[in-house]
file structure-v2.txt (compact mmCIF, C-alpha atoms and all ligand atoms)
# COMPACT_ATOMS: atom_id res chain seq x y z
CA MET K 1 -2.12 52.63 52.50
CA ARG K 2 -3.83 55.46 50.68
CA HIS K 3 -7.45 54.59 50.04
CA TYR K 4 -8.33 57.73 48.16
CA GLN K 5 -6.35 56.90 45.05
CA SER K 6 -8.61 57.02 42.05
CA LEU K 7 -9.68 54.08 39.89
CA GLN K 8 -7.67 55.67 37.09
CA HIS K 9 -4.55 55.57 39.21
CA HIS K 10 -5.15 51.92 40.09
CA TYR K 11 -5.39 51.01 36.46
CA HIS K 12 -2.28 53.04 35.68
CA LEU K 13 -0.41 50.84 38.16
CA LEU K 14 -2.07 47.61 37.06
CA LEU K 15 -1.21 48.22 33.43
CA GLY K 16 2.35 49.16 34.29
CA LEU K 17 2.12 52.35 32.26
CA ASN K 18 5.01 54.79 32.15
CA GLN K 19 4.70 58.47 32.97
CA ASP K 20 3.99 59.46 29.36
CA TRP K 21 0.53 57.91 29.56
CA GLU K 22 -2.42 58.36 31.85
CA VAL K 23 -5.70 56.54 32.30
CA ALA K 24 -8.33 59.02 31.16
CA GLU K 25 -11.41 56.89 31.74
CA VAL K 26 -12.45 53.45 33.01
CA ARG K 27 -15.89 52.33 31.92
CA LEU K 28 -17.66 49.14 32.92
CA SER K 29 -20.39 47.67 30.72
CA MET K 30 -22.49 45.07 32.52
CA GLU K 31 -24.36 44.06 29.34
CA ALA K 32 -21.18 43.50 27.35
CA ARG K 33 -19.40 42.11 30.44
CA ALA K 34 -16.48 44.29 29.49
CA VAL K 35 -14.18 46.95 30.86
CA TYR K 36 -13.08 49.77 28.54
CA ILE K 37 -10.01 51.73 29.50
CA ARG K 38 -9.24 54.91 27.62
CA LEU K 39 -5.60 55.99 27.73
CA ALA K 40 -4.30 59.43 26.93
CA HIS K 41 -0.80 60.49 26.04
CA LYS K 42 0.21 63.39 28.27
CA ALA K 43 0.37 66.73 26.57
CA GLY K 44 3.76 68.31 26.07
CA VAL K 45 5.77 65.07 26.46
CA GLU K 46 8.51 64.58 23.92
CA VAL K 47 8.16 61.53 21.69
CA ILE K 48 10.62 59.30 19.82
CA CYS K 49 10.53 58.72 16.07
CA PRO K 50 9.86 54.97 15.53
CA GLU K 51 12.20 54.89 12.51
CA CYS K 52 15.31 56.78 13.54
CA GLN K 53 14.80 57.02 17.32
CA SER K 54 15.40 60.78 17.41
CA PRO K 55 13.29 62.93 19.76
CA CYS K 56 10.52 64.84 18.01
CA SER K 57 7.53 66.96 18.77
CA ILE K 58 3.96 65.73 18.45
CA PHE K 59 2.30 66.46 15.11
CA ASP K 60 -1.23 65.22 15.88
CA HIS K 61 -3.07 62.12 17.17
CA ALA K 62 -4.06 59.17 14.99
CA PRO K 63 -7.68 57.93 15.07
CA GLU K 64 -8.56 55.81 18.10
CA ARG K 65 -7.14 52.28 18.23
CA ARG K 66 -8.28 49.40 20.39
CA TRP K 67 -6.35 46.55 21.98
CA ARG K 68 -7.67 43.51 23.75
CA HIS K 69 -5.97 43.15 27.14
CA LEU K 70 -6.02 40.49 29.87
CA ASP K 71 -9.42 40.22 31.52
CA THR K 72 -10.36 42.20 34.61
CA MET K 73 -11.84 39.40 36.72
CA GLN K 74 -14.19 37.67 34.26
CA PHE K 75 -14.69 40.84 32.20
CA ALA K 76 -13.05 41.21 28.82
CA THR K 77 -10.84 44.27 28.96
CA GLU K 78 -10.12 46.60 26.11
CA LEU K 79 -7.69 49.50 25.94
CA ARG K 80 -8.40 52.43 23.69
CA ALA K 81 -6.16 55.31 22.75
CA ARG K 82 -5.39 57.88 20.14
CA VAL K 83 -1.69 57.40 19.56
CA PRO K 84 0.42 60.53 18.90
CA ARG K 85 2.06 60.99 15.55
CA CYS K 86 5.43 62.65 15.62
CA GLN K 87 6.92 65.07 13.20
CA CYS K 88 10.41 63.84 12.44
CA LYS K 89 12.81 66.07 10.53
CA GLN K 90 14.22 63.08 8.63
CA CYS K 91 11.32 60.65 8.40
CA GLY K 92 8.25 62.85 8.22
CA VAL K 93 5.03 62.18 10.13
CA LYS K 94 5.07 58.78 11.91
CA THR K 95 2.84 57.07 14.46
CA ILE K 96 4.89 56.44 17.62
CA GLU K 97 5.26 53.02 19.22
CA VAL K 98 3.07 52.28 22.20
CA PRO K 99 4.59 50.48 25.18
CA LEU K 100 1.70 48.07 25.67
CA ALA K 101 1.29 46.57 22.22
CA GLY K 102 3.21 45.59 19.12
CA LYS K 103 2.89 47.34 15.79
CA HIS K 104 -0.41 46.55 14.03
CA SER K 105 -1.44 44.13 16.77
CA PRO K 106 -5.05 44.14 17.99
CA PHE K 107 -3.78 42.74 21.31
CA THR K 108 -1.55 44.06 24.08
CA TRP K 109 1.77 42.29 24.65
CA MET K 110 0.42 40.70 27.82
CA PHE K 111 -2.64 39.36 26.04
CA GLU K 112 -0.43 38.06 23.23
CA ALA K 113 1.80 36.21 25.68
CA PHE K 114 -1.23 34.68 27.38
CA GLY K 115 -2.88 33.89 24.04
CA VAL K 116 0.22 32.10 22.72
CA ALA K 117 0.43 30.01 25.89
CA VAL K 118 -3.26 29.06 25.67
CA LEU K 119 -3.01 28.21 21.96
CA GLN K 120 0.03 26.04 22.65
CA SER K 121 -1.59 24.05 25.41
CA ALA K 122 -5.23 23.85 24.34
CA ALA K 123 -6.38 20.66 22.64
CA SER K 124 -7.59 22.60 19.62
CA THR K 125 -7.76 26.10 18.23
CA SER K 126 -11.50 26.25 18.84
CA GLU K 127 -10.97 25.37 22.49
CA ALA K 128 -8.32 28.10 22.76
CA CYS K 129 -10.68 30.57 21.07
CA ALA K 130 -13.40 29.77 23.60
CA LEU K 131 -11.01 30.19 26.55
CA LEU K 132 -9.63 33.45 25.20
CA ARG K 133 -12.99 34.68 23.93
CA ILE K 134 -11.58 35.58 20.55
CA GLY K 135 -12.60 34.52 17.05
CA TRP K 136 -10.70 32.34 14.60
CA GLU K 137 -9.37 35.38 12.84
CA GLY K 138 -7.96 36.71 16.09
CA ALA K 139 -6.34 33.37 16.86
CA GLN K 140 -4.82 33.29 13.37
CA ARG K 141 -3.40 36.79 13.87
CA LEU K 142 -1.86 35.74 17.18
CA MET K 143 -0.25 32.75 15.50
CA ASN K 144 0.89 34.72 12.45
CA ARG K 145 2.69 37.23 14.65
CA ALA K 146 4.15 34.52 16.89
CA VAL K 147 5.50 32.50 13.95
CA GLU K 148 6.90 35.60 12.30
CA ARG K 149 9.02 36.50 15.35
CA GLY K 150 9.87 32.82 15.94
CA LEU K 151 11.31 32.49 12.43
CA VAL K 152 13.40 35.64 12.86
CA ARG K 153 14.91 34.24 16.08
CA ARG K 154 15.39 30.67 14.82
CA SER K 155 18.86 29.24 14.48
CA LEU K 156 19.68 26.53 11.95
CA ASP K 157 23.02 25.69 13.56
CA GLY K 158 23.39 21.94 13.78
CA PHE K 159 20.79 21.33 11.08
CA GLU K 160 22.57 18.42 9.38
CA HIS K 161 19.87 15.84 8.75
CA ALA K 162 16.87 16.95 6.74
CA GLY K 163 13.68 15.14 5.85
CA MET K 164 11.17 15.85 3.09
CA ASP K 165 7.71 14.50 3.61
CA GLU K 166 4.40 14.84 1.80
CA LYS K 167 1.06 15.35 3.51
CA SER K 168 -2.40 15.68 2.08
CA PHE K 169 -3.99 19.09 2.30
CA GLY K 170 -7.71 19.72 2.22
CA SER K 171 -9.70 17.14 0.37
CA GLY K 172 -8.88 15.44 -2.91
CA HIS K 173 -5.42 15.21 -4.35
CA ASP K 174 -3.89 18.35 -2.96
CA TYR K 175 -0.56 18.02 -1.16
CA ILE K 176 1.94 19.92 0.89
CA THR K 177 5.59 19.09 1.46
CA THR K 178 7.30 19.66 4.78
CA LEU K 179 11.02 20.13 5.33
CA ASN K 180 11.94 18.61 8.68
CA ASP K 181 15.01 18.85 10.86
CA LEU K 182 15.80 15.30 11.98
CA SER K 183 19.20 16.17 13.41
CA GLU K 184 18.92 15.68 17.14
CA GLY K 185 16.30 15.39 19.80
CA GLU K 186 12.70 16.03 18.89
CA ALA K 187 12.18 16.65 15.17
CA ARG K 188 10.92 20.06 14.03
CA VAL K 189 9.37 21.44 10.87
CA ILE K 190 11.60 24.01 9.16
CA GLU K 191 9.28 25.07 6.33
CA VAL K 192 6.21 24.02 4.37
CA VAL K 193 5.26 24.48 0.70
CA HIS K 194 2.09 23.82 -1.21
CA GLY K 195 2.49 20.94 -3.68
CA ARG K 196 4.90 18.04 -4.14
CA LYS K 197 6.21 18.61 -7.65
CA HIS K 198 9.83 19.21 -8.55
CA GLU K 199 9.52 23.00 -8.51
CA ASP K 200 7.71 22.91 -5.15
CA ALA K 201 10.47 20.77 -3.66
CA VAL K 202 13.15 23.10 -5.07
CA ALA K 203 11.38 26.15 -3.61
CA LEU K 204 11.19 24.37 -0.26
CA LEU K 205 14.88 23.46 -0.11
CA GLU K 206 15.86 26.95 -1.22
CA GLN K 207 14.34 28.21 2.02
CA ILE K 208 17.52 26.97 3.66
CA PRO K 209 19.87 29.98 3.57
CA GLU K 210 22.64 29.40 1.04
CA ALA K 211 25.36 29.65 3.68
CA GLN K 212 23.81 26.74 5.57
CA ARG K 213 23.11 24.37 2.69
CA GLY K 214 26.62 22.95 2.83
CA GLN K 215 26.14 21.71 6.40
CA ILE K 216 23.28 19.35 5.40
CA LYS K 217 24.76 15.84 5.32
CA ALA K 218 21.71 13.80 4.37
CA VAL K 219 18.07 14.12 3.30
CA ALA K 220 15.49 11.43 4.08
CA MET K 221 12.63 10.97 1.63
CA ASP K 222 10.26 8.57 -0.05
CA MET K 223 11.27 7.06 -3.40
CA TRP K 224 9.82 10.04 -5.17
CA ASP K 225 11.62 11.39 -8.23
CA ALA K 226 10.55 15.00 -7.77
CA TYR K 227 12.14 15.14 -4.31
CA LEU K 228 15.21 13.22 -5.39
CA LYS K 229 15.96 15.60 -8.27
CA ALA K 230 15.27 18.67 -6.16
CA ALA K 231 17.64 17.51 -3.41
CA ARG K 232 20.40 16.72 -5.91
CA GLN K 233 19.95 20.15 -7.45
CA VAL K 234 19.80 22.31 -4.30
CA LEU K 235 21.89 20.16 -1.93
CA PRO K 236 24.39 18.44 -4.24
CA GLU K 237 26.68 17.48 -1.36
CA ALA K 238 24.02 15.76 0.74
CA ASP K 239 23.38 12.00 0.67
CA ILE K 240 19.85 10.91 -0.18
CA VAL K 241 18.35 8.39 2.25
CA HIS K 242 15.27 6.49 1.18
CA ASP K 243 12.85 6.04 3.98
CA ARG K 244 13.05 2.56 5.49
CA TYR K 245 9.34 2.59 6.28
CA HIS K 246 8.49 2.89 2.62
CA ILE K 247 10.57 -0.21 1.85
CA SER K 248 8.74 -2.04 4.64
CA ALA K 249 5.43 -0.90 3.19
CA HIS K 250 6.43 -2.31 -0.21
CA LEU K 251 7.40 -5.63 1.39
CA ASN K 252 4.11 -5.82 3.28
CA ALA K 253 2.19 -5.08 0.09
CA ALA K 254 4.10 -7.85 -1.68
CA VAL K 255 3.24 -10.41 1.04
CA ASP K 256 -0.38 -9.40 0.73
CA ARG K 257 -0.27 -9.82 -3.06
CA VAL K 258 1.12 -13.34 -2.66
CA ARG K 259 -1.58 -14.15 -0.09
CA LYS K 260 -4.40 -12.90 -2.33
CA ASP K 261 -3.21 -14.93 -5.31
CA GLU K 262 -2.69 -18.03 -3.23
CA HIS K 263 -6.04 -17.66 -1.46
CA LYS K 264 -7.79 -17.44 -4.80
CA ARG K 265 -6.04 -20.58 -6.03
CA LEU K 266 -6.82 -22.51 -2.82
CA MET K 267 -10.46 -21.42 -2.84
CA SER K 268 -10.86 -22.71 -6.35
CA GLN K 269 -9.91 -26.12 -4.85
CA GLY K 270 -12.35 -25.66 -1.97
CA ASP K 271 -9.59 -24.85 0.55
CA ASP K 272 -10.26 -21.82 2.78
CA THR K 273 -7.05 -22.03 4.90
CA LEU K 274 -6.09 -18.42 4.16
CA LYS K 275 -9.53 -16.93 4.70
CA GLY K 276 -9.47 -13.88 6.98
CA SER K 277 -5.71 -14.13 7.57
CA LYS K 278 -4.68 -10.84 5.94
CA TYR K 279 -3.65 -8.99 9.10
CA GLN K 280 -1.83 -11.92 10.66
CA TRP K 281 0.73 -11.74 7.86
CA LEU K 282 1.29 -8.03 8.35
CA ARG K 283 2.16 -8.38 12.01
CA THR K 284 5.45 -9.38 13.59
CA HIS K 285 4.14 -11.44 16.55
CA ALA K 286 6.73 -10.33 19.07
CA ASP K 287 4.92 -12.15 21.91
CA LYS K 288 5.32 -15.73 20.74
CA ARG K 289 2.94 -17.17 23.35
CA SER K 290 -0.06 -14.98 22.58
CA SER K 291 -3.06 -16.85 21.20
CA GLU K 292 -2.75 -14.94 17.96
CA ALA K 293 0.87 -16.01 17.65
CA VAL K 294 -0.04 -19.64 18.29
CA SER K 295 -2.76 -19.73 15.65
CA PHE K 296 -0.46 -17.85 13.31
CA ARG K 297 2.27 -20.43 13.86
CA LYS K 298 -0.09 -23.22 12.82
CA LEU K 299 -0.89 -21.31 9.68
CA HIS K 300 2.74 -20.54 9.10
CA GLU K 301 3.84 -24.19 9.47
CA LEU K 302 1.76 -25.18 6.49
CA ASP K 303 4.03 -25.02 3.50
CA LEU K 304 2.37 -22.06 1.84
CA LYS K 305 3.78 -19.54 -0.60
CA THR K 306 2.47 -16.86 1.70
CA SER K 307 4.60 -18.24 4.56
CA ARG K 308 7.70 -18.04 2.47
CA ALA K 309 6.92 -14.49 1.38
CA TRP K 310 6.29 -13.55 5.01
CA HIS K 311 9.63 -15.06 5.98
CA TYR K 312 11.51 -12.92 3.42
CA LYS K 313 9.73 -9.83 4.62
CA GLU K 314 10.58 -10.55 8.26
CA ASP K 315 14.15 -11.45 7.40
CA PHE K 316 14.72 -8.14 5.65
CA ARG K 317 14.22 -6.34 8.97
CA HIS K 318 17.75 -7.36 9.90
CA PHE K 319 19.10 -5.18 7.12
CA TRP K 320 18.27 -2.00 9.06
CA ASN K 321 20.25 -3.13 12.09
CA TYR K 322 23.63 -3.20 10.35
CA HIS K 323 26.07 -0.44 11.16
CA TYR K 324 28.62 -1.21 8.47
CA ALA K 325 27.74 -0.77 4.83
CA GLY K 326 29.89 -3.78 3.84
CA ALA K 327 28.03 -6.14 6.17
CA ALA K 328 24.64 -4.74 5.11
CA GLU K 329 25.63 -5.24 1.49
CA ARG K 330 26.60 -8.88 2.09
CA PHE K 331 23.32 -9.49 3.88
CA TYR K 332 21.36 -8.00 1.01
CA LYS K 333 23.22 -10.08 -1.60
CA ASP K 334 22.18 -13.30 0.18
CA TRP K 335 18.63 -12.11 0.74
CA ARG K 336 18.31 -11.06 -2.87
CA LYS K 337 19.67 -14.37 -4.17
CA ALA K 338 17.08 -16.32 -2.15
CA VAL K 339 14.23 -14.04 -3.19
CA MET K 340 15.16 -14.09 -6.87
CA SER K 341 15.06 -17.89 -6.94
CA SER K 342 11.80 -18.06 -4.96
CA ARG K 343 9.28 -17.82 -7.79
CA LEU K 344 7.40 -15.27 -5.68
CA GLU K 345 6.97 -12.60 -8.31
CA PRO K 346 5.74 -9.79 -5.97
CA MET K 347 8.80 -10.29 -3.72
CA LYS K 348 11.12 -10.27 -6.72
CA LYS K 349 9.57 -6.99 -7.74
CA VAL K 350 10.55 -5.45 -4.40
CA ALA K 351 14.10 -6.76 -4.81
CA ARG K 352 14.29 -5.04 -8.19
CA LEU K 353 12.96 -1.84 -6.62
CA ILE K 354 15.68 -2.03 -3.97
CA ASP K 355 18.29 -2.60 -6.70
CA ALA K 356 17.10 0.50 -8.53
CA HIS K 357 17.47 2.65 -5.38
CA TRP K 358 20.33 0.74 -3.85
CA GLN K 359 22.71 3.56 -2.93
CA GLU K 360 19.94 5.63 -1.33
CA ILE K 361 18.75 2.63 0.68
CA LEU K 362 22.27 1.73 1.76
CA ASN K 363 22.76 5.35 2.88
CA TYR K 364 20.40 4.58 5.74
CA ILE K 365 23.14 2.49 7.35
CA LYS K 366 25.38 5.55 7.43
CA HIS K 367 22.91 8.25 8.53
CA ARG K 368 20.08 6.28 10.20
CA ILE K 369 17.41 8.92 9.57
CA THR K 370 13.76 8.56 8.71
CA ASN K 371 10.77 10.87 8.60
CA ALA K 372 8.73 8.20 10.32
CA ALA K 373 10.85 8.62 13.45
CA SER K 374 9.19 11.98 13.89
CA GLU K 375 5.93 10.22 14.70
CA GLY K 376 5.00 12.99 17.12
CA LEU K 377 5.30 15.53 14.34
CA ASN K 378 3.14 13.52 11.97
CA SER K 379 0.36 13.02 14.46
CA ARG K 380 0.39 16.70 15.40
CA ILE K 381 0.14 17.76 11.76
CA GLN K 382 -2.70 15.28 11.33
CA ALA K 383 -4.47 16.77 14.35
CA ILE K 384 -4.08 20.30 12.97
CA LYS K 385 -5.56 19.14 9.69
CA SER K 386 -8.55 17.37 11.14
CA ALA K 387 -9.25 20.12 13.70
CA ALA K 388 -9.61 22.60 10.85
CA ARG K 389 -11.38 20.50 8.27
CA GLY K 390 -10.54 21.76 4.83
CA PHE K 391 -8.23 24.69 5.39
CA ARG K 392 -9.23 27.12 2.73
CA SER K 393 -5.94 28.91 2.87
CA PHE K 394 -2.55 27.26 2.57
CA ALA K 395 -0.97 30.27 4.33
CA ASN K 396 -3.02 29.60 7.47
CA TYR K 397 -2.22 25.89 7.39
CA ARG K 398 1.50 26.65 7.08
CA VAL K 399 1.41 29.00 10.06
CA ARG K 400 -0.44 26.44 12.20
CA ILE K 401 2.14 23.78 11.38
CA LEU K 402 5.07 26.08 12.17
CA PHE K 403 3.32 27.31 15.34
CA HIS K 404 2.80 23.80 16.71
CA CYS K 405 5.63 21.82 15.10
CA GLY K 406 8.41 24.35 14.41
CA ARG K 407 9.77 24.36 17.98
CA LEU K 408 10.04 28.13 17.64
CA ASP K 409 10.52 30.68 20.39
CA LEU K 410 7.09 32.29 20.11
CA LYS K 411 7.06 34.52 23.18
CA PRO K 412 6.35 38.18 22.54
CA THR K 413 9.05 40.64 23.54
CA PRO K 414 7.74 44.09 24.39
CA THR K 415 9.96 46.85 23.06
CA HIS K 416 9.70 48.90 26.25
ZN ZN H 501 12.84 59.75 12.23
call {"tool": "encode", "arguments": {"input": "structure-v2.txt", "output": "structure tokens", "more": "lines below"}}
Ligand SMILES: [Zn+2]
result
Amino acid sequence: MRHYQSLQHHYHLLLGLNQDWEVAEVRLSMEARAVYIRLAHKAGVEVICPECQSPCSIFDHAPERRWRHLDTMQFATELRARVPRCQCKQCGVKTIEVPLAGKHSPFTWMFEAFGVAVLQSAASTSEACALLRIGWEGAQRLMNRAVERGLVRRSLDGFEHAGMDEKSFGSGHDYITTLNDLSEGEARVIEVVHGRKHEDAVALLEQIPEAQRGQIKAVAMDMWDAYLKAARQVLPEADIVHDRYHISAHLNAAVDRVRKDEHKRLMSQGDDTLKGSKYQWLRTHADKRSSEAVSFRKLHELDLKTSRAWHYKEDFRHFWNYHYAGAAERFYKDWRKAVMSSRLEPMKKVARLIDAHWQEILNYIKHRITNAASEGLNSRIQAIKSAARGFRSFANYRVRILFHCGRLDLKPTPTH
């Protein structure tokens, strides 16, 4: 082993530099707890034009640039260099590419790769920032670059089942709409737009390249006219599937309406049977021996309007289990007939709502897709939102969602 190699030479090896570059200076600052490494491009070496790849001579050197690199021990490490500019006969004067860092990046490739991994696994962006010792702006730049290359590499082959879902954004009544891929395996977010109006939804769906729109077989969504019209316009061949969880939510709300009205009537007669029972009626009571289930059964055995409403709500759950449209249709006809003669106005209202969206609800039996199935996605988006209370910029919010929920290949690929 040769012990007399210089510090510069060690760093040349550690950085994996090629022969065009040398380490001109290594400086350690104890106060800043940092290592500064100045690189120099060797004189007289031929360079390559970044545009047309033809060999050129050096024109001059651009002003010094700095890149954050992986730490040396616990010391933040920064590379500095004046990058040569070449004189290309075709392209003019251009700054050459450096082997250690991507174009316009304030980080080396190795730091970017490490930063992406930390951002992916840290509980929050602020935790990742602390681990990486970078600011929020730096983290955002890392994510912007990662998402940009991830989107270029992404394939939409097999994207057959789409979902459109609204999410609140910031505070107040501001919304975003996500386009999800519900096709197979874990769901992913394909794109995000600001807003939930018709034109927003159209802009979102038009992000699907025209050649691939024909492969979309179905789109899951809430009973929301703006989405419905947009999907019919941009994806005329796709079936619309109304989200089963929204129907369930309507049924639950109807049971609660019946309970409130009945409770009020009973209370006026001095009967507090239904007092404090709201949540019992919203549950399914799968464990029939639990104490809650037993007390619920007692309540349920009383011949109350609320019991009957609850029964219709529970019964409708069978609808989603059918695999043949004909059988599902027969089930619904019977259910509807019973509900319509029940004198439970809130339940009848739901039946009329189902009638009005019948084909889109029946389409569930054929495609079996729902945005709610991507529960993991929803909770991750929620976490992104609450970790960065009140995103001031939609662009940053979009990048965070695609970074964490787009299932993109985010790894940096050095060009050399
Ligand atoms: Zn050129």
call {"tool": "axis_aligned_box", "arguments": {"input": "structure-v2.txt", "around": "region 77-90 of chain K", "padding_each_side": "5 Å", "output": "lines of an AutoDock Vina configuration file"}}
result
center_x = 1.7
center_y = 55.2
center_z = 18.8
size_x = 35.1
size_y = 31.8
size_z = 30.3
call {"tool": "residues_near_ligand", "arguments": {"input": "structure-v2.txt", "ligand": "ligand ZN 501 (chain H)", "cutoff": "10 Å", "atoms": "only C-alpha atoms and all ligand atoms", "output": "count of residues only"}}
result
18
call {"tool": "closest_residue", "arguments": {"input": "structure-v2.txt", "among": "K:Ala101, K:Leu304, K:Ile401, K:Leu282", "to": "Ala253 (chain K)", "atoms": "all atoms listed in the file"}}
result
K:Leu282
call {"tool": "closest_residue", "arguments": {"input": "structure-v2.txt", "among": "K:Asp256, K:Asp225, K:Glu184, K:Asp261", "to": "Lys197 (chain K)", "atoms": "all atoms listed in the file"}}
result
K:Asp225
call {"tool": "atom_distance", "arguments": {"input": "structure-v2.txt", "atom1": "CA of Pro236 (chain K)", "atom2": "CA of Leu402 (chain K)"}}
result
26.5 Å
call {"tool": "residues_around", "arguments": {"input": "structure-v2.txt", "residues": "region 397-399 of chain K", "least_positions_apart": "6", "cutoff": "8 Å", "atoms": "all atoms listed in the file", "output": "compact mmCIF listing (two decimals) with C-alpha atoms, in the coordinates of the input"}}
result
# COMPACT_ATOMS: atom_id res chain seq x y z
CA MET K 143 -0.25 32.75 15.50
CA ASN K 144 0.89 34.72 12.45
CA VAL K 147 5.50 32.50 13.95
CA GLU K 191 9.28 25.07 6.33
CA VAL K 192 6.21 24.02 4.37
CA VAL K 193 5.26 24.48 0.70
CA LYS K 385 -5.56 19.14 9.69
CA PHE K 391 -8.23 24.69 5.39
